[in-house]
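K.L.:
Just final11.tsv, nothing more (TSV, C-alpha atoms and all ligand atoms):
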```tsv
chain	number	residue	atom	x	y	z
T	1	MET	CA	-1.24	-15.59	20.95
T	2	ARG	CA	1.87	-13.97	19.46
T	3	ARG	CA	5.20	-15.62	20.13
T	4	SER	CA	7.98	-13.30	21.28
T	5	HIS	CA	10.77	-11.81	19.18
T	6	PRO	CA	9.74	-12.20	15.56
T	7	ARG	CA	12.15	-10.97	12.92
T	8	ALA	CA	11.33	-8.55	10.09
T	9	VAL	CA	11.57	-10.20	6.66
T	10	ILE	CA	11.41	-8.57	3.25
T	11	LEU	CA	8.27	-9.85	1.52
T	12	GLY	CA	8.45	-7.63	-1.55
T	13	THR	CA	10.21	-4.71	-3.22
T	14	GLY	CA	9.25	-2.13	-5.83
T	15	SER	CA	10.59	1.01	-7.41
T	16	GLU	CA	9.58	3.90	-9.63
T	17	LEU	CA	11.74	6.25	-11.65
T	18	PRO	CA	10.20	9.24	-13.45
T	19	ALA	CA	10.12	8.96	-17.25
T	20	LYS	CA	12.01	12.18	-17.98
T	21	VAL	CA	15.72	11.51	-18.57
T	22	VAL	CA	18.30	14.30	-18.19
T	23	THR	CA	21.62	13.31	-19.73
T	24	ASN	CA	25.03	14.81	-19.03
T	25	ALA	CA	24.84	16.30	-22.53
T	26	ALA	CA	21.67	18.16	-21.51
T	27	LEU	CA	23.47	19.56	-18.46
T	28	GLU	CA	26.29	20.81	-20.71
T	29	LYS	CA	23.70	23.26	-22.04
T	30	LEU	CA	22.81	24.53	-18.54
T	31	VAL	CA	26.19	24.86	-16.81
T	32	ASP	CA	29.90	24.93	-17.66
T	33	THR	CA	30.49	21.18	-17.46
T	34	SER	CA	31.12	18.19	-19.70
T	35	ASP	CA	29.99	14.59	-19.97
T	36	GLU	CA	33.65	13.63	-19.57
T	37	TRP	CA	34.04	15.58	-16.27
T	38	ILE	CA	30.81	14.25	-14.78
T	39	THR	CA	31.54	10.66	-15.85
T	40	THR	CA	35.11	10.54	-14.55
T	41	ARG	CA	34.38	12.40	-11.28
T	42	THR	CA	31.08	10.70	-10.42
T	43	GLY	CA	30.23	7.78	-12.73
T	44	ILE	CA	26.86	9.38	-13.49
T	45	LYS	CA	25.66	9.45	-17.13
T	46	GLU	CA	22.03	10.45	-16.70
T	47	ARG	CA	19.34	10.99	-14.07
T	48	ARG	CA	15.53	11.13	-13.92
T	49	VAL	CA	13.48	14.22	-13.10
T	50	LEU	CA	9.92	14.21	-11.81
T	51	GLU	CA	7.53	16.01	-14.13
T	52	GLU	CA	6.01	19.32	-13.04
T	53	GLY	CA	2.68	19.02	-11.29
T	54	LYS	CA	3.61	15.70	-9.66
T	55	GLY	CA	4.71	15.25	-6.07
T	56	ASN	CA	6.91	12.80	-4.26
T	57	ALA	CA	3.94	10.67	-3.17
T	58	ASP	CA	3.00	10.07	-6.84
T	59	MET	CA	6.31	8.23	-7.31
T	60	ALA	CA	6.06	6.53	-3.93
T	61	TYR	CA	2.56	5.30	-4.78
T	62	ARG	CA	3.76	3.46	-7.90
T	63	ALA	CA	6.78	1.99	-6.13
T	64	SER	CA	4.55	0.87	-3.24
T	65	LEU	CA	1.98	-0.82	-5.50
T	66	ARG	CA	4.80	-2.84	-7.09
T	67	ALA	CA	6.21	-3.79	-3.69
T	68	LEU	CA	2.77	-4.86	-2.44
T	69	LYS	CA	2.18	-6.94	-5.58
T	70	ASP	CA	5.58	-8.57	-5.18
T	71	ALA	CA	4.75	-9.34	-1.53
T	72	GLY	CA	1.30	-10.70	-2.41
T	73	LEU	CA	-0.31	-8.29	0.03
T	74	GLU	CA	-2.90	-5.55	-0.24
T	75	ALA	CA	-2.71	-2.02	1.13
T	76	LYS	CA	-5.38	-2.84	3.68
T	77	ASP	CA	-3.00	-5.40	5.21
T	78	LEU	CA	-0.44	-2.72	6.12
T	79	GLU	CA	-0.11	-1.69	9.75
T	80	ALA	CA	2.48	1.06	9.22
T	81	ILE	CA	3.87	3.24	6.43
T	82	ILE	CA	7.25	4.80	7.16
T	83	MET	CA	8.79	6.99	4.50
T	84	GLY	CA	12.33	8.34	4.42
T	85	THR	CA	12.30	11.65	2.56
T	86	VAL	CA	13.51	15.25	2.64
T	87	THR	CA	11.21	16.33	-0.19
T	88	PRO	CA	7.68	15.73	1.12
T	89	ASP	CA	4.72	16.94	-0.93
T	90	TYR	CA	3.97	19.56	1.74
T	91	PRO	CA	5.94	20.99	4.69
T	92	PHE	CA	3.31	19.07	6.69
T	93	PRO	CA	1.63	16.65	7.06
T	94	SER	CA	3.93	13.86	5.99
T	95	SER	CA	4.11	12.36	2.51
T	96	ALA	CA	3.52	9.01	4.22
T	97	CYS	CA	0.01	10.30	5.06
T	98	VAL	CA	-0.52	11.36	1.43
T	99	LEU	CA	0.66	7.91	0.34
T	100	GLU	CA	-1.57	6.18	2.88
T	101	ASP	CA	-4.59	7.92	1.37
T	102	MET	CA	-3.55	7.11	-2.21
T	103	LEU	CA	-3.13	3.45	-1.31
T	104	GLY	CA	-6.26	3.30	0.85
T	105	ALA	CA	-4.19	1.77	3.64
T	106	ARG	CA	-6.76	2.61	6.29
T	107	LYS	CA	-5.33	0.37	9.03
T	108	ALA	CA	-1.84	1.88	8.88
T	109	PHE	CA	-0.30	4.67	10.93
T	110	SER	CA	2.08	6.70	8.77
T	111	PHE	CA	4.93	9.13	9.18
T	112	ASP	CA	8.01	10.49	7.43
T	113	VAL	CA	11.59	10.20	8.60
T	114	ASN	CA	14.06	12.96	7.74
T	115	ALA	CA	17.57	11.52	7.53
T	116	ALA	CA	18.37	12.74	4.01
T	117	CYS	CA	20.13	10.10	1.88
T	118	CYS	CA	20.08	7.75	4.89
T	119	GLY	CA	16.31	8.09	5.27
T	120	PHE	CA	15.47	4.63	3.97
T	121	LEU	CA	17.85	2.94	6.40
T	122	ASN	CA	16.43	4.92	9.33
T	123	ALA	CA	12.88	4.03	8.25
T	124	LEU	CA	13.89	0.37	7.86
T	125	ALA	CA	15.46	0.30	11.34
T	126	ILE	CA	12.32	1.82	12.90
T	127	ALA	CA	9.98	-0.62	11.14
T	128	ASP	CA	12.28	-3.52	12.06
T	129	SER	CA	12.14	-2.47	15.73
T	130	PHE	CA	8.34	-2.17	15.67
T	131	ILE	CA	8.07	-5.66	14.18
T	132	ARG	CA	10.55	-7.22	16.58
T	133	THR	CA	8.68	-5.84	19.60
T	134	GLY	CA	5.42	-7.29	18.26
T	135	MET	CA	3.81	-3.85	17.92
T	136	ILE	CA	3.06	-4.45	14.24
T	137	ARG	CA	3.30	-7.40	11.82
T	138	THR	CA	3.45	-5.64	8.46
T	139	ALA	CA	5.02	-2.39	7.30
T	140	LEU	CA	5.62	-0.51	4.09
T	141	VAL	CA	9.03	1.15	4.19
T	142	VAL	CA	9.67	3.74	1.50
T	143	GLY	CA	12.70	5.78	0.48
T	144	SER	CA	11.58	8.50	-1.92
T	145	ASP	CA	12.92	11.87	-2.97
T	146	ALA	CA	12.59	14.51	-5.66
T	147	LEU	CA	15.82	16.39	-5.08
T	148	SER	CA	15.40	18.03	-8.50
T	149	ARG	CA	13.03	20.34	-6.62
T	150	LEU	CA	15.90	21.52	-4.41
T	151	LEU	CA	18.53	22.01	-7.09
T	152	ASN	CA	20.10	25.22	-8.30
T	153	TRP	CA	20.40	24.37	-12.01
T	154	LYS	CA	23.12	27.02	-12.29
T	155	ASP	CA	25.39	25.38	-9.69
T	156	ARG	CA	27.56	22.84	-11.51
T	157	GLY	CA	28.90	21.54	-8.18
T	158	THR	CA	25.49	20.10	-7.21
T	159	CYS	CA	23.03	19.95	-10.14
T	160	ILE	CA	24.98	17.20	-11.88
T	161	LEU	CA	24.80	14.82	-8.91
T	162	PHE	CA	21.16	14.27	-8.07
T	163	GLY	CA	18.04	12.68	-9.53
T	164	ASP	CA	14.51	11.69	-8.50
T	165	GLY	CA	13.11	8.28	-7.65
T	166	SER	CA	11.30	6.08	-5.21
T	167	GLY	CA	11.86	2.62	-3.72
T	168	ALA	CA	9.62	0.59	-1.43
T	169	VAL	CA	9.90	-2.55	0.66
T	170	VAL	CA	7.13	-4.54	2.32
T	171	LEU	CA	8.15	-6.08	5.63
T	172	GLY	CA	6.43	-8.91	7.46
T	173	ALA	CA	7.03	-10.73	10.74
T	174	SER	CA	8.67	-14.15	10.66
T	175	HIS	CA	9.40	-16.63	13.42
T	176	ASP	CA	11.62	-18.98	11.41
T	177	GLY	CA	14.73	-17.46	13.00
T	178	ALA	CA	16.86	-17.79	9.87
T	179	HIS	CA	15.73	-15.11	7.47
T	180	GLY	CA	15.20	-11.38	7.71
T	181	ILE	CA	16.90	-8.26	9.00
T	182	LEU	CA	19.86	-9.44	11.10
T	183	SER	CA	21.13	-6.03	12.21
T	184	THR	CA	20.70	-2.29	11.68
T	185	ARG	CA	23.10	0.45	12.80
T	186	LEU	CA	22.54	4.22	12.58
T	187	ARG	CA	24.71	7.22	13.38
T	188	THR	CA	24.77	11.02	12.96
T	189	ASP	CA	27.24	13.88	13.44
T	190	GLY	CA	25.39	17.18	13.61
T	191	SER	CA	28.59	19.22	13.51
T	192	TYR	CA	28.42	18.79	9.72
T	193	VAL	CA	24.91	20.26	9.27
T	194	LYS	CA	26.17	23.05	7.01
T	195	ALA	CA	28.36	20.80	4.86
T	196	LEU	CA	25.21	19.68	3.03
T	197	TYR	CA	21.92	21.52	3.58
T	198	VAL	CA	19.19	23.78	2.27
T	199	PRO	CA	19.75	27.12	4.03
T	200	ALA	CA	16.19	28.54	3.94
T	201	GLY	CA	12.58	27.42	4.05
T	202	GLY	CA	12.60	26.14	7.63
T	203	SER	CA	11.74	27.90	10.89
T	204	LEU	CA	15.10	29.66	11.13
T	205	LYS	CA	14.83	31.34	7.76
T	206	PRO	CA	11.30	31.08	6.34
T	207	ALA	CA	10.77	31.73	2.64
T	208	SER	CA	10.99	35.39	1.65
T	209	LEU	CA	11.58	37.24	-1.60
T	210	GLU	CA	15.17	37.74	-0.46
T	211	SER	CA	15.75	34.06	0.31
T	212	VAL	CA	14.44	33.12	-3.13
T	213	LYS	CA	16.63	35.74	-4.83
T	214	ARG	CA	19.68	34.45	-2.97
T	215	ASN	CA	18.92	30.85	-4.04
T	216	GLU	CA	18.75	29.74	-0.42
T	217	HIS	CA	16.05	27.15	-1.09
T	218	THR	CA	18.46	24.98	-3.02
T	219	ILE	CA	21.18	22.54	-1.92
T	220	ALA	CA	24.43	24.04	-0.63
T	221	MET	CA	27.26	21.52	-0.33
T	222	ASN	CA	30.93	21.13	0.47
T	223	GLY	CA	31.55	18.17	-1.84
T	224	LYS	CA	35.08	17.38	-0.68
T	225	GLU	CA	34.07	17.21	2.99
T	226	VAL	CA	31.12	14.93	2.14
T	227	PHE	CA	33.34	12.65	0.09
T	228	LYS	CA	35.95	12.22	2.82
T	229	VAL	CA	33.60	11.53	5.70
T	230	ALA	CA	31.27	9.34	3.60
T	231	VAL	CA	33.86	6.70	2.74
T	232	ARG	CA	35.22	6.43	6.29
T	233	SER	CA	31.79	6.43	7.95
T	234	MET	CA	30.17	3.88	5.66
T	235	GLU	CA	33.09	1.52	6.16
T	236	GLU	CA	32.89	1.82	9.97
T	237	ILE	CA	29.13	1.39	10.20
T	238	SER	CA	29.15	-1.53	7.75
T	239	ARG	CA	31.68	-3.33	9.92
T	240	GLU	CA	29.58	-2.63	13.02
T	241	ALA	CA	26.43	-3.99	11.37
T	242	LEU	CA	28.31	-7.11	10.19
T	243	ASP	CA	29.76	-7.69	13.69
T	244	GLU	CA	26.37	-7.33	15.28
T	245	ALA	CA	24.90	-9.82	12.80
T	246	GLU	CA	27.90	-12.13	13.38
T	247	VAL	CA	28.51	-12.20	9.65
T	248	LYS	CA	31.95	-12.08	8.03
T	249	VAL	CA	32.41	-9.77	5.06
T	250	ASP	CA	33.21	-12.81	2.84
T	251	GLU	CA	29.76	-14.21	3.59
T	252	VAL	CA	28.06	-11.17	2.06
T	253	SER	CA	26.92	-11.97	-1.46
T	254	LEU	CA	25.93	-8.43	-2.43
T	255	VAL	CA	26.64	-4.94	-1.08
T	256	ILE	CA	24.03	-2.34	-1.94
T	257	PRO	CA	25.60	1.03	-1.13
T	258	HIS	CA	24.13	4.49	-1.37
T	259	GLN	CA	24.52	5.57	-5.01
T	260	ALA	CA	26.19	8.98	-4.59
T	261	ASN	CA	29.45	8.72	-6.50
T	262	LEU	CA	31.21	5.76	-8.13
T	263	ARG	CA	34.51	6.89	-6.60
T	264	ILE	CA	32.96	6.77	-3.10
T	265	ILE	CA	31.60	3.28	-3.83
T	266	THR	CA	34.90	1.89	-5.19
T	267	ALA	CA	36.82	3.40	-2.26
T	268	LEU	CA	34.35	1.84	0.16
T	269	ALA	CA	34.53	-1.55	-1.57
T	270	GLY	CA	38.34	-1.36	-1.43
T	271	ARG	CA	38.34	-0.63	2.30
T	272	LEU	CA	35.85	-3.45	2.97
T	273	LYS	CA	37.85	-5.74	0.66
T	274	VAL	CA	34.75	-6.61	-1.36
T	275	PRO	CA	35.23	-7.10	-5.14
T	276	MET	CA	33.18	-4.72	-7.30
T	277	SER	CA	31.46	-7.79	-8.81
T	278	LYS	CA	29.66	-8.06	-5.45
T	279	VAL	CA	28.63	-4.40	-5.36
T	280	MET	CA	25.39	-3.09	-6.86
T	281	VAL	CA	25.85	0.04	-8.98
T	282	ASN	CA	23.09	1.82	-10.90
T	283	LEU	CA	24.05	5.48	-10.37
T	284	ASP	CA	25.14	5.74	-14.01
T	285	ARG	CA	21.43	5.77	-14.90
T	286	TYR	CA	19.86	7.56	-11.93
T	287	GLY	CA	22.48	9.68	-10.15
T	288	ASN	CA	22.02	10.19	-6.44
T	289	THR	CA	18.32	9.74	-5.67
T	290	SER	CA	18.77	10.45	-1.94
T	291	ALA	CA	16.55	8.25	0.24
T	292	ALA	CA	15.42	6.28	-2.83
T	293	SER	CA	18.91	5.21	-3.80
T	294	VAL	CA	19.26	2.06	-1.67
T	295	PRO	CA	15.70	0.66	-2.08
T	296	VAL	CA	15.74	1.31	-5.85
T	297	ALA	CA	19.07	-0.53	-6.16
T	298	LEU	CA	17.75	-3.33	-3.93
T	299	ASP	CA	14.67	-3.74	-6.13
T	300	GLU	CA	16.76	-3.75	-9.31
T	301	ALA	CA	19.20	-6.28	-7.83
T	302	ARG	CA	16.30	-8.61	-7.00
T	303	ARG	CA	14.76	-8.23	-10.46
T	304	GLU	CA	18.16	-8.87	-12.08
T	305	GLY	CA	18.35	-12.16	-10.14
T	306	ARG	CA	21.34	-10.99	-8.09
T	307	ILE	CA	19.70	-11.96	-4.77
T	308	ARG	CA	18.64	-15.55	-4.01
T	309	ARG	CA	16.99	-17.04	-0.97
T	310	GLY	CA	19.54	-17.46	1.79
T	311	ASP	CA	21.85	-14.74	0.43
T	312	ILE	CA	23.22	-12.21	2.90
T	313	ILE	CA	23.25	-8.61	1.72
T	314	LEU	CA	24.73	-5.47	3.23
T	315	LEU	CA	23.02	-2.10	2.77
T	316	ASN	CA	24.69	1.18	3.67
T	317	ALA	CA	24.04	4.87	3.18
T	318	PHE	CA	25.41	8.30	4.00
T	319	GLY	CA	23.96	11.77	3.68
T	320	ALA	CA	23.19	15.20	5.07
T	321	GLY	CA	23.32	15.59	8.82
T	322	PHE	CA	25.72	13.95	8.46
T	323	ALA	CA	23.61	10.80	8.95
T	324	TRP	CA	24.72	7.30	8.02
T	325	GLY	CA	23.73	3.71	8.57
T	326	ALA	CA	23.97	0.07	7.55
T	327	ALA	CA	21.84	-3.06	7.65
T	328	VAL	CA	22.54	-6.77	7.18
T	329	ILE	CA	19.73	-8.92	5.78
T	330	ARG	CA	19.44	-12.65	5.06
T	331	PHE	CA	16.95	-13.25	2.24
H	401	LIG	N1	31.90	20.32	-14.26
H	401	LIG	C1	33.13	20.79	-14.49
H	401	LIG	N2	33.94	21.24	-13.52
H	401	LIG	C2	33.46	21.23	-12.27
H	401	LIG	C3	32.17	20.76	-11.96
H	401	LIG	C4	31.38	20.31	-13.02
H	401	LIG	N3	30.14	19.84	-12.83
H	401	LIG	N4	31.99	20.87	-10.64
H	401	LIG	C5	33.11	21.37	-10.12
H	401	LIG	N5	34.00	21.61	-11.11
H	401	LIG	C6	35.35	22.15	-11.01
H	401	LIG	C7	35.57	22.94	-9.76
H	401	LIG	O1	35.12	24.26	-9.89
H	401	LIG	C8	37.06	22.85	-9.61
H	401	LIG	O2	37.65	23.80	-10.45
H	401	LIG	P1	38.95	24.61	-9.98
H	401	LIG	O3	40.00	23.55	-9.75
H	401	LIG	O4	39.20	25.50	-11.14
H	401	LIG	O5	38.54	25.30	-8.73
H	401	LIG	C9	37.41	21.47	-10.17
H	401	LIG	O6	36.29	21.09	-10.97
H	401	LIG	C10	37.62	20.44	-9.10
H	401	LIG	O7	36.54	20.54	-8.19
H	401	LIG	P2	36.47	19.66	-6.92
H	401	LIG	O8	35.33	20.11	-6.07
H	401	LIG	O9	37.83	19.59	-6.30
H	401	LIG	O10	36.15	18.26	-7.58
H	401	LIG	P3	36.03	16.87	-6.87
H	401	LIG	O11	36.97	15.93	-7.46
H	401	LIG	O12	36.00	17.01	-5.36
H	401	LIG	O13	34.58	16.41	-7.31
H	401	LIG	C11	32.36	16.21	-6.49
H	401	LIG	C12	33.46	17.16	-6.92
H	401	LIG	C13	31.16	17.04	-6.05
H	401	LIG	C14	31.98	15.33	-7.66
H	401	LIG	C15	32.89	15.34	-5.32
H	401	LIG	O14	33.49	16.14	-4.34
H	401	LIG	C16	31.81	14.53	-4.69
H	401	LIG	O15	31.19	13.69	-5.31
H	401	LIG	N6	31.56	14.72	-3.37
H	401	LIG	C17	30.51	14.04	-2.69
H	401	LIG	C18	29.22	14.72	-2.94
H	401	LIG	C19	28.05	13.85	-2.61
H	401	LIG	O16	28.05	12.68	-2.86
H	401	LIG	N7	27.01	14.46	-2.02
H	401	LIG	C20	25.84	13.80	-1.65
H	401	LIG	C21	26.11	12.88	-0.52
H	401	LIG	S1	24.66	12.09	-0.03
```
The structure given in the file should be rewritten as structure tokens.
Ligand code: COA
P.N.:
Amino acid sequence: MRRSHPRAVILGTGSELPAKVVTNAALEKLVDTSDEWITTRTGIKERRVLEEGKGNADMAYRASLRALKDAGLEAKDLEAIIMGTVTPDYPFPSSACVLEDMLGARKAFSFDVNAACCGFLNALAIADSFIRTGMIRTALVVGSDALSRLLNWKDRGTCILFGDGSGAVVLGASHDGAHGILSTRLRTDGSYVKALYVPAGGSLKPASLESVKRNEHTIAMNGKEVFKVAVRSMEEISREALDEAEVKVDEVSLVIPHQANLRIITALAGRLKVPMSKVMVNLDRYGNTSAASVPVALDEARREGRIRRGDIILLNAFGAGFAWGAAVIRF
């Protein structure tokens, strides 16, 4: 018989970054920009780009195998696969279904979550809820995107920011009461839909020769608006998640923020009064990998020995929608 109210614990993490590196110097050849501009405005030095002929699920598969190995579980043990992404392999069905087949996770039900750069946090919150209700005992939660597929490589305002990658976390149910996901908080404000979006390719404006000619299948963004709302929103939601978990900001040993822009991260850390030594940053190497950003940074932080058992970490993310969220976890 199952006891009531288990908590979701992280059993393993994994990540995958495509091999192809695109440096700022390479972008200087595509658009009117400079390594100096990109570095000072964003902190990004290089990003990874998924090779042609591969899809998002190919990256997610490798990240998931590593997470399963780390957790000491097999794909057949998984009861759910939930994938945050805005770049699925097909318009439908979900990339989570493609991944389920690649892994041979026959017992799992699988679906994608579209919350842009916040997709991993939404997927994590859903899986956490399923585990806490007792509906499932294991889940694979993935954040994975290939935003290179949605970039206009002639738009210097966007093509310098993004990269491809995939991060995965295996969750299990625990009754010890001490460890696991302590809180998750999510929010959206749909009045900002057009501040960061892909104008065509959906039901409103299906693909046509005209839409392709007008570059409407690539990211359109108001960078200044995103910047302003991102800092404020991530601070607010982080405080809410900490309050709900009854954790003081000083008790957090590592903040793992969405890796969009170093200036956003330092502004956020300043507002939260967290020293940068307690903030995970890897965007210099990967840029903004959308839904993959937080789980990739989480996996790297663990592998770098920056997270020990008992540590409390704060995750937060912000992206198109606008959609944002935070989670507090005790390892
Ligand atoms: N290289 C060189 N110059 C560039 C450039 C580039 N890649 N991109 C823009 N510029 C130019 C602009 O055209 C502008 O020139 P102007 O003054 O002659 O008009 C100038 O640099 C300043 O542009 P601005 O947009 O004011 O720069 P900024 O300081 O706001 O930085 C971003 C731009 C995009 C880096 C910044 O707004 C940002 O990071 N926003 C958040 C975006 C984001 O994170 N999105 C994803 C969220 S999930």
K.L.:
For T:Asp311, find every residue with an atom within 12 Å (counting only C-alpha atoms), except residues of its own chain fewer than 5 positions away, and show them as a list in words.
P.N.:
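My list of contacting residues is Ala178, His179, Gly180, Ile181, Val247, Asp250, Glu251, Val252, Ser253, Leu254, Val255, Lys278, Arg302, Gly305, Arg306, Val328, Ile329, Arg330 and Phe331 of chain T.
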K.L.:
At what distance in Å, to one decimal, does atom CA of T:Leu50 lie from atom CA of T:Gly163?
P.N.:
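Value for the atom CA of T:Gly163-atom CA of T:Leu50 distance: 8.6 Å.
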K.L.:
So, with all atoms listed in the file as the atoms that count, which of T:Gly319, T:Gly84, T:Gly104, T:Gly134 lies closest to T:Ala168?
P.N.:
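Of T:Gly319, T:Gly84, T:Gly104, T:Gly134, the one nearest T:Ala168 is T:Gly84, counting all atoms listed in the file.
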K.L.:
Report the closest atom pair, with its distance in Å rounded to one decimal, for each residue of chain T that has an atom no farther than 6 Å from ligand LIG 401 (chain H); count all atoms listed in the file, sort by chain and then rising residue number, and write it as CSV.
P.N.:
```
residue,atom,partner,partner_atom,distance
T:Thr33,CA,H:LIG401,N1,3.6
T:Ser34,CA,H:LIG401,N1,5.9
T:Trp37,CA,H:LIG401,N1,5.6
T:Ile38,CA,H:LIG401,N3,6.0
T:Arg41,CA,H:LIG401,C14,5.2
T:Thr42,CA,H:LIG401,C14,5.5
T:Cys117,CA,H:LIG401,S1,5.3
T:Arg156,CA,H:LIG401,N3,4.2
T:Gly157,CA,H:LIG401,N4,4.0
T:Ile160,CA,H:LIG401,N3,5.9
T:Gly223,CA,H:LIG401,O14,3.8
T:Lys224,CA,H:LIG401,O14,4.2
T:Val226,CA,H:LIG401,C17,4.9
T:Phe227,CA,H:LIG401,C17,4.2
T:Ala260,CA,H:LIG401,O16,4.5
T:Asn261,CA,H:LIG401,O15,5.4
T:Phe318,CA,H:LIG401,S1,5.6
T:Gly319,CA,H:LIG401,S1,3.8
```
K.L.:
Within 8 Å of stretch 294-300 of chain T, which residues of stretch 206-284 of chain T show up? Give each one with its shortest atom-to-atom distance in Å (one decimal) and the two atoms involved, counting all atoms listed in the file, rows by chain then rising residue number, as a tab-separated table.
P.N.:
```
residue	atom	partner	partner_atom	distance
T:Ile256	CA	T:Val294	CA	6.5
T:Pro257	CA	T:Val294	CA	6.4
T:His258	CA	T:Val294	CA	5.5
T:Gln259	CA	T:Val294	CA	7.2
T:Met280	CA	T:Ala297	CA	6.9
T:Val281	CA	T:Ala297	CA	7.4
T:Asn282	CA	T:Ala297	CA	6.6
```
K.L.:
Go ahead and save the picked residues with C-alpha atoms, as a PDB file, in the frame of the given file.
P.N.:
```pdb
ATOM      1  CA  ILE T 256      24.030  -2.340  -1.940  1.00  0.00           C
ATOM      2  CA  PRO T 257      25.600   1.030  -1.130  1.00  0.00           C
ATOM      3  CA  HIS T 258      24.130   4.490  -1.370  1.00  0.00           C
ATOM      4  CA  GLN T 259      24.520   5.570  -5.010  1.00  0.00           C
ATOM      5  CA  MET T 280      25.390  -3.090  -6.860  1.00  0.00           C
ATOM      6  CA  VAL T 281      25.850   0.040  -8.980  1.00  0.00           C
ATOM      7  CA  ASN T 282      23.090   1.820 -10.900  1.00  0.00           C
TER       8      ASN T 282
END
```
K.L.:
I need the residue nearest T:Thr289 from this list: T:Lys76, T:Arg149, T:Lys107, T:Lys205. Use only C-alpha atoms for the distance.
P.N.:
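That would be T:Arg149, the residue with the smallest distance to T:Thr289.
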K.L.:
Could you tell me which of T:Ala67, T:Val86, T:Val31, T:Ala326 comes closest to T:Ala241 if we count only C-alpha atoms?
P.N.:
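The shortest atom-to-atom distance to T:Ala241 comes from T:Ala326.
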K.L.:
For a quick check of understanding, using all atoms listed in the file, which of T:Gly190, T:Pro199, T:Gly143, T:Pro93 has the smallest distance to T:Ala317?
P.N.:
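Nearest to T:Ala317: T:Gly143.
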K.L.:
Tell me which of T:Ile131, T:Leu140, T:Gly202, T:Lys228 sits closest to T:His5, counting only C-alpha atoms.
P.N.:
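Between T:Ile131, T:Leu140, T:Gly202, T:Lys228, the residue approaching T:His5 most closely is T:Ile131.
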K.L.:
For atom CA of T:His175 and atom CA of T:Ala245, quote the distance in Å rounded to one decimal.
P.N.:
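Answer for the atom CA of T:His175 to atom CA of T:Ala245 separation: 16.9 Å.
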K.L.:
Taking into account only C-alpha atoms, which residue in the set T:Leu30, T:Val231, T:Ile219, T:Leu182 is nearest to T:Ile312?
P.N.:
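With only C-alpha atoms as the atom set, the closest residue is T:Leu182.
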K.L.:
Rounded to one decimal place, report the atom CA of T:Arg137-atom CA of T:Glu240 distance in Å.
P.N.:
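Computing it gives 26.7 Å between the two atoms.
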K.L.:
Please provide as a list in words all residues within 8 Å of stretch 266-272 of chain T, with the sequence filter that same-chain residues fewer than 3 positions apart are discarded (counting all atoms listed in the file).
P.N.:
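Listed by chain and then number, they are Val231, Arg232, Met234, Glu235, Val249, Leu262, Arg263, Pro275, Met276 and Val279 of chain T.
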K.L.:
Here's a test: counting all atoms listed in the file, identify every protein, DNA and RNA residue with an atom at most 10 Å from (4.3, 24.1, 5.0) in the file's coordinate frame, and state them as a list in words.
P.N.:
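Those residues, ordered by chain and then number, are Pro88, Asp89, Tyr90, Pro91, Phe92, Pro93, Gly201, Gly202 and Pro206 of chain T.
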K.L.:
Quick one: write out the picked residues with C-alpha atoms as a short mmCIF file (atom, residue, chain, number, x, y, z; two decimals), in the frame of the given file?
P.N.:
```cif
data_model
loop_
_atom_site.label_atom_id
_atom_site.label_comp_id
_atom_site.auth_asym_id
_atom_site.auth_seq_id
_atom_site.Cartn_x
_atom_site.Cartn_y
_atom_site.Cartn_z
CA PRO T 88 7.68 15.73 1.12
CA ASP T 89 4.72 16.94 -0.93
CA TYR T 90 3.97 19.56 1.74
CA PRO T 91 5.94 20.99 4.69
CA PHE T 92 3.31 19.07 6.69
CA PRO T 93 1.63 16.65 7.06
CA GLY T 201 12.58 27.42 4.05
CA GLY T 202 12.60 26.14 7.63
CA PRO T 206 11.30 31.08 6.34
#
```
